[in-house]
Amino acid sequence: MNKTLLGALLCTSMLAMPVSASKIEIDLGLAEITEGQYLRPYTAVWVEDSRGKHVDTIALWTWDEGEKWLKDIRRWWRKIGRDEAGFIDGVTGATRPSGQYKLDWDFTDSEGKSVVAGKYTLLVEVVREHGNRSLVRHKFNHDGKAFAVTLPPTDETAEITIKYQP
Amino acid sequence: MKKTLVLALACGVLSHSAVAHDRWILPSHFTVSAEAGKGVWITSDVTASNQVFQYDKPYGSEDVEIITPQGKKQWPSSSYKGSRKSVFDYQLVADGTYKLQKKTSPRYYASYKVKGEDKPVYSRADKEATKAKMPANGYDLVGVMSFSRVESYVTLNKPNDTALAPTGEYLELIPVTHPADIVEQDVAEFKITYQGKPVSGAEVSVVKEGTVYRNQLNATKVTSDNDGMVSFTPQSAGRYLLHVEYQQPIKGNPLADKVNNEIFLTFEAGLD
């Protein structure tokens with residue numbers, strides 16, 4: 001959340017600080033579920049490179065005692081979760097209910113190094129106990145050009161807006 | 001099973017699809033996660049059947065071996081033999097990949113003909129032993145060495161390769177794509193060796209679970225190339241039974257004229 005606030009601050013002062021404002025902004029919607037039992041979903045948001053290799057995890061929302069269920073965030077678990085003991089503590093937060101959430105990515109990898117220009121994919125995986133699993137992907141070019149896209153809702157996600165304004 | 005094998009010998013071939021039951025170890029989970037050191041219990045069915053993965057016969061679980069991520073051999077903490085399946089439990093504690101396998105050793109069979117008799121005579125002994133007890137008018141003595149593996153892999157947290165290492169004995173199926181990395185719509189690759197050397201012409205059949213609920217078996221069939229490599233692409237996520245069959249004449253072995261080896265591997269293809 002601090003990171004998000006900082007990102008927002010940087011964005012509002014973009015004219016004054018053009019160099020620092022290089023972030024992808026994500027407005028992530030978690031679907032409102034009206035049928036059946038509702039438990040807050042496990043959610044992972046991350047970036048992969050063009051070969052499907054994990055670059056950076058932007059958000060991981062799970063239960064505190066819930067490592068047993070991490071494997072159910074199937075792709076995220078395979079791509080990075082299982083490999084990085086301790087890594088989980090760094091980016092994890094509590095599960096969130098339905099609603100809109102602001103995230104951002106500053107074009108750095110999990111070690112904080114800037115990534116090279118090229119093709120990347122933003123992935124959102126949402127898994128709900130007694131519910132569905134949604135895996136949403138958006139491919140984008142990291143080439144310094146502005147873009148904005150809104151991804152339609154899926155079972156477990158509401159609209160997701162992804163924006164980049166250099 | 002022995003009866004089946006003898007019958008198969010009678011037919012002159014040991015064709016997996018035609019006669020023998022499929023056999024497998026089916027773990028409750030292939031991929032598990034847990035806090036470090038907490039441990040996760042896995043329970044597995046061990047059964048022989050003609051429908052993947054519907055259990056039918058209690059293929060024993062008391063002789064299952066577990067190769068740990070450190071390469072040590074362990075045994076189930078408990079096992080049960082029912083009328084339709086066997087079960088064993090095992091607790092994964094260390095992170096990594098575990099191999100579950102039936103204890104196995106080669107078995108020898110032989111057959112010969114007797115003048116005036118239509119049918120060959122079958123022996124559950126090797127060629128040498130059969131020759132010693134065969135009547136003087138026996139002829140066309142043929143010995144077969146039979147060897148089979150029944151195996152699966154499960155992974156707690158981060159996968160590793162130690163339990164995947166081949167032993168160099170008989171027929172082996174070596175995962176090139178790590179079992180924890182087999183995913184729908186993605187190529188999975190294995191290497192097949194015999195006595196540690198790659199073999200071509202081993203026949204591999206891959207069948208997705210649920211055969212009892214569909215009209216077609218939908219088996220994916222591939223044959224190992226000169227480097228012993230086979231690859232296939234599971235079309236959808238789920239549990240699969242892979243069967244390898246390898247038959248080869250052998251020379252200079254007094255116990256057998258040909259080898260007949262097979263492997264059953266149970267694996268899951270994960271969701272993309």
# chains A, B, ... in the order shown; residues from 1 in each chain; ligands from 1

call {"tool": "interface_residues", "arguments": {"of": "chain A", "to": "chain B", "cutoff": "8 Å", "atoms": "only C-alpha atoms", "output": "PDB file with all heavy atoms, in the first residue's frame"}}
result
ATOM      1  N   GLU A  67      -0.043 -21.245   3.813  1.00  0.00           N
ATOM      2  CA  GLU A  67       0.885 -21.715   2.772  1.00  0.00           C
ATOM      3  C   GLU A  67       0.428 -23.024   2.147  1.00  0.00           C
ATOM      4  O   GLU A  67       0.807 -23.359   1.037  1.00  0.00           O
ATOM      5  CB  GLU A  67       2.309 -21.834   3.329  1.00  0.00           C
ATOM      6  CG  GLU A  67       2.926 -20.470   3.517  1.00  0.00           C
ATOM      7  CD  GLU A  67       4.418 -20.490   3.804  1.00  0.00           C
ATOM      8  OE1 GLU A  67       5.097 -21.442   3.381  1.00  0.00           O
ATOM      9  OE2 GLU A  67       4.888 -19.558   4.463  1.00  0.00           O
ATOM     10  N   LYS A  68      -0.387 -23.746   2.888  1.00  0.00           N
ATOM     11  CA  LYS A  68      -0.959 -24.981   2.362  1.00  0.00           C
ATOM     12  C   LYS A  68      -1.701 -24.736   1.046  1.00  0.00           C
ATOM     13  O   LYS A  68      -1.753 -25.600   0.178  1.00  0.00           O
ATOM     14  CB  LYS A  68      -1.922 -25.547   3.409  1.00  0.00           C
ATOM     15  CG  LYS A  68      -2.589 -26.838   3.005  1.00  0.00           C
ATOM     16  CD  LYS A  68      -3.583 -27.300   4.052  1.00  0.00           C
ATOM     17  CE  LYS A  68      -4.318 -28.543   3.583  1.00  0.00           C
ATOM     18  NZ  LYS A  68      -5.348 -28.977   4.522  1.00  0.00           N
ATOM     19  N   TRP A  69      -2.270 -23.545   0.927  1.00  0.00           N
ATOM     20  CA  TRP A  69      -3.096 -23.263  -0.254  1.00  0.00           C
ATOM     21  C   TRP A  69      -2.342 -22.556  -1.371  1.00  0.00           C
ATOM     22  O   TRP A  69      -2.886 -22.338  -2.448  1.00  0.00           O
ATOM     23  CB  TRP A  69      -4.316 -22.415   0.148  1.00  0.00           C
ATOM     24  CG  TRP A  69      -5.064 -23.003   1.288  1.00  0.00           C
ATOM     25  CD1 TRP A  69      -5.112 -22.536   2.576  1.00  0.00           C
ATOM     26  CD2 TRP A  69      -5.857 -24.200   1.274  1.00  0.00           C
ATOM     27  NE1 TRP A  69      -5.879 -23.367   3.354  1.00  0.00           N
ATOM     28  CE2 TRP A  69      -6.346 -24.390   2.586  1.00  0.00           C
ATOM     29  CE3 TRP A  69      -6.181 -25.123   0.281  1.00  0.00           C
ATOM     30  CZ2 TRP A  69      -7.156 -25.467   2.938  1.00  0.00           C
ATOM     31  CZ3 TRP A  69      -6.981 -26.203   0.628  1.00  0.00           C
ATOM     32  CH2 TRP A  69      -7.462 -26.370   1.943  1.00  0.00           C
ATOM     33  N   LEU A  70      -1.090 -22.169  -1.090  1.00  0.00           N
ATOM     34  CA  LEU A  70      -0.352 -21.410  -2.118  1.00  0.00           C
ATOM     35  C   LEU A  70      -0.265 -22.168  -3.444  1.00  0.00           C
ATOM     36  O   LEU A  70      -0.300 -21.580  -4.517  1.00  0.00           O
ATOM     37  CB  LEU A  70       1.061 -21.087  -1.626  1.00  0.00           C
ATOM     38  CG  LEU A  70       1.157 -19.971  -0.577  1.00  0.00           C
ATOM     39  CD1 LEU A  70       2.613 -19.783  -0.174  1.00  0.00           C
ATOM     40  CD2 LEU A  70       0.587 -18.664  -1.119  1.00  0.00           C
ATOM     41  N   LYS A  71      -0.156 -23.494  -3.357  1.00  0.00           N
ATOM     42  CA  LYS A  71      -0.044 -24.309  -4.570  1.00  0.00           C
ATOM     43  C   LYS A  71      -1.254 -24.144  -5.478  1.00  0.00           C
ATOM     44  O   LYS A  71      -1.187 -24.427  -6.672  1.00  0.00           O
ATOM     45  CB  LYS A  71       0.111 -25.777  -4.201  1.00  0.00           C
ATOM     46  CG  LYS A  71      -1.164 -26.349  -3.575  1.00  0.00           C
ATOM     47  CD  LYS A  71      -1.051 -27.811  -3.307  1.00  0.00           C
ATOM     48  CE  LYS A  71      -2.356 -28.480  -2.926  1.00  0.00           C
ATOM     49  NZ  LYS A  71      -3.237 -27.736  -2.032  1.00  0.00           N
ATOM     50  N   ARG A  74      -2.045 -21.733  -9.122  1.00  0.00           N
ATOM     51  CA  ARG A  74      -1.269 -22.750  -9.836  1.00  0.00           C
ATOM     52  C   ARG A  74      -0.082 -22.181 -10.630  1.00  0.00           C
ATOM     53  O   ARG A  74       1.038 -22.630 -10.491  1.00  0.00           O
ATOM     54  CB  ARG A  74      -2.145 -23.540 -10.811  1.00  0.00           C
ATOM     55  CG  ARG A  74      -3.529 -23.927 -10.349  1.00  0.00           C
ATOM     56  CD  ARG A  74      -3.607 -25.117  -9.481  1.00  0.00           C
ATOM     57  NE  ARG A  74      -4.898 -25.788  -9.619  1.00  0.00           N
ATOM     58  CZ  ARG A  74      -6.093 -25.289  -9.270  1.00  0.00           C
ATOM     59  NH1 ARG A  74      -6.182 -24.048  -8.796  1.00  0.00           N
ATOM     60  NH2 ARG A  74      -7.203 -25.986  -9.428  1.00  0.00           N
ATOM     61  N   ARG A  75      -0.382 -21.233 -11.482  1.00  0.00           N
ATOM     62  CA  ARG A  75       0.705 -20.771 -12.343  1.00  0.00           C
ATOM     63  C   ARG A  75       1.740 -19.974 -11.551  1.00  0.00           C
ATOM     64  O   ARG A  75       2.938 -20.167 -11.701  1.00  0.00           O
ATOM     65  CB  ARG A  75       0.155 -19.919 -13.497  1.00  0.00           C
ATOM     66  CG  ARG A  75       1.233 -19.568 -14.508  1.00  0.00           C
ATOM     67  CD  ARG A  75       0.700 -18.740 -15.664  1.00  0.00           C
ATOM     68  NE  ARG A  75       1.781 -18.341 -16.540  1.00  0.00           N
ATOM     69  CZ  ARG A  75       2.143 -19.020 -17.627  1.00  0.00           C
ATOM     70  NH1 ARG A  75       1.499 -20.100 -17.984  1.00  0.00           N
ATOM     71  NH2 ARG A  75       3.152 -18.602 -18.367  1.00  0.00           N
ATOM     72  N   ARG A  78       3.966 -22.278  -9.659  1.00  0.00           N
ATOM     73  CA  ARG A  78       4.938 -22.968 -10.506  1.00  0.00           C
ATOM     74  C   ARG A  78       6.035 -22.030 -10.982  1.00  0.00           C
ATOM     75  O   ARG A  78       7.188 -22.415 -11.107  1.00  0.00           O
ATOM     76  CB  ARG A  78       4.191 -23.571 -11.701  1.00  0.00           C
ATOM     77  CG  ARG A  78       4.945 -24.627 -12.449  1.00  0.00           C
ATOM     78  CD  ARG A  78       4.030 -25.346 -13.416  1.00  0.00           C
ATOM     79  NE  ARG A  78       3.443 -24.461 -14.406  1.00  0.00           N
ATOM     80  CZ  ARG A  78       2.138 -24.270 -14.570  1.00  0.00           C
ATOM     81  NH1 ARG A  78       1.271 -24.917 -13.826  1.00  0.00           N
ATOM     82  NH2 ARG A  78       1.690 -23.446 -15.492  1.00  0.00           N
ATOM     83  N   ARG A  82       6.989 -21.553  -5.433  1.00  0.00           N
ATOM     84  CA  ARG A  82       7.643 -22.731  -4.874  1.00  0.00           C
ATOM     85  C   ARG A  82       9.159 -22.567  -4.785  1.00  0.00           C
ATOM     86  O   ARG A  82       9.826 -23.278  -4.036  1.00  0.00           O
ATOM     87  CB  ARG A  82       7.316 -23.945  -5.747  1.00  0.00           C
ATOM     88  CG  ARG A  82       7.956 -23.873  -7.110  1.00  0.00           C
ATOM     89  CD  ARG A  82       7.490 -24.980  -8.028  1.00  0.00           C
ATOM     90  NE  ARG A  82       8.315 -25.008  -9.222  1.00  0.00           N
ATOM     91  CZ  ARG A  82       8.106 -25.792 -10.273  1.00  0.00           C
ATOM     92  NH1 ARG A  82       7.071 -26.606 -10.285  1.00  0.00           N
ATOM     93  NH2 ARG A  82       8.907 -25.761 -11.304  1.00  0.00           N
ATOM     94  N   ASP A  83       9.708 -21.662  -5.565  1.00  0.00           N
ATOM     95  CA  ASP A  83      11.168 -21.533  -5.629  1.00  0.00           C
ATOM     96  C   ASP A  83      11.756 -20.589  -4.601  1.00  0.00           C
ATOM     97  O   ASP A  83      12.941 -20.600  -4.358  1.00  0.00           O
ATOM     98  CB  ASP A  83      11.588 -21.028  -7.024  1.00  0.00           C
ATOM     99  CG  ASP A  83      11.326 -22.083  -8.078  1.00  0.00           C
ATOM    100  OD1 ASP A  83      11.289 -23.269  -7.726  1.00  0.00           O
ATOM    101  OD2 ASP A  83      11.148 -21.709  -9.247  1.00  0.00           O
ATOM    102  N   GLU A  84      10.932 -19.743  -4.063  1.00  0.00           N
ATOM    103  CA  GLU A  84      11.479 -18.651  -3.280  1.00  0.00           C
ATOM    104  C   GLU A  84      10.981 -18.674  -1.845  1.00  0.00           C
ATOM    105  O   GLU A  84      10.064 -17.952  -1.489  1.00  0.00           O
ATOM    106  CB  GLU A  84      11.095 -17.313  -3.920  1.00  0.00           C
ATOM    107  CG  GLU A  84      11.558 -17.175  -5.355  1.00  0.00           C
ATOM    108  CD  GLU A  84      12.884 -16.437  -5.474  1.00  0.00           C
ATOM    109  OE1 GLU A  84      13.135 -15.549  -4.652  1.00  0.00           O
ATOM    110  OE2 GLU A  84      13.654 -16.776  -6.385  1.00  0.00           O
TER     111      GLU A  84
END

call {"tool": "residues_around", "arguments": {"residues": "stretch 40-49 of chain A", "least_positions_apart": "4", "cutoff": "6 Å", "atoms": "only C-alpha atoms", "output": "list of chain:residue names"}}
result
A:Lys53, A:His54, A:Val55, A:Asp56, A:Thr57, A:Ile58, A:Ala59, A:Leu60, A:Trp61, A:Thr62, A:Thr95, A:Arg96, A:Pro97, A:Tyr120, A:Thr121, A:Leu122, A:Leu123, A:Val124, A:Glu125, A:Val126, A:Val127, A:Arg128

call {"tool": "residues_around", "arguments": {"residues": "B:Ala163", "least_positions_apart": "6", "cutoff": "6 Å", "atoms": "only C-alpha atoms", "output": "ChimeraX atom specification"}}
result
/B:67,69,71,98-99

call {"tool": "residues_around", "arguments": {"residues": "stretch 138-148 of chain A", "least_positions_apart": "5", "cutoff": "8 Å", "atoms": "only C-alpha atoms", "output": "PyMOL selection string"}}
result
chain A and resi 116-123+161-166

call {"tool": "residues_around", "arguments": {"residues": "B:Gly238", "least_positions_apart": "5", "cutoff": "10 Å", "atoms": "only C-alpha atoms", "output": "list in words"}}
result
Val183, Glu184, Lys208, Glu209, Gly210, Phe267, Glu268, Ala269, Gly270 and Leu271 of chain B

call {"tool": "closest_residue", "arguments": {"among": "B:Gln248, B:Thr220, B:Gln235, B:Ser28", "to": "B:Ser200", "atoms": "only C-alpha atoms"}}
result
B:Gln248

call {"tool": "residues_around", "arguments": {"residues": "B:Arg107", "least_positions_apart": "3", "cutoff": "8 Å", "atoms": "only C-alpha atoms", "output": "PyMOL selection string"}}
result
chain B and resi 145-147

call {"tool": "closest_residue", "arguments": {"among": "B:Ala188, B:Leu100, B:Val150, B:Val230", "to": "B:Glu203", "atoms": "only C-alpha atoms"}}
result
B:Val230

call {"tool": "select_by_dssp", "arguments": {"residues": "chain A", "states": "strand (DSSP E or B)", "output": "PyMOL selection string"}}
result
chain A and resi 24-30+42-49+54-62+92-94+99-105+108+114+118-127+133-142+147-151+157-164

call {"tool": "atom_distance", "arguments": {"atom1": "atom CA of B:Arg239", "atom2": "atom CA of B:Tyr90"}}
result
20.0 Å

call {"tool": "atom_distance", "arguments": {"atom1": "atom CA of A:Ala158", "atom2": "atom CA of A:Glu129"}}
result
17.7 Å
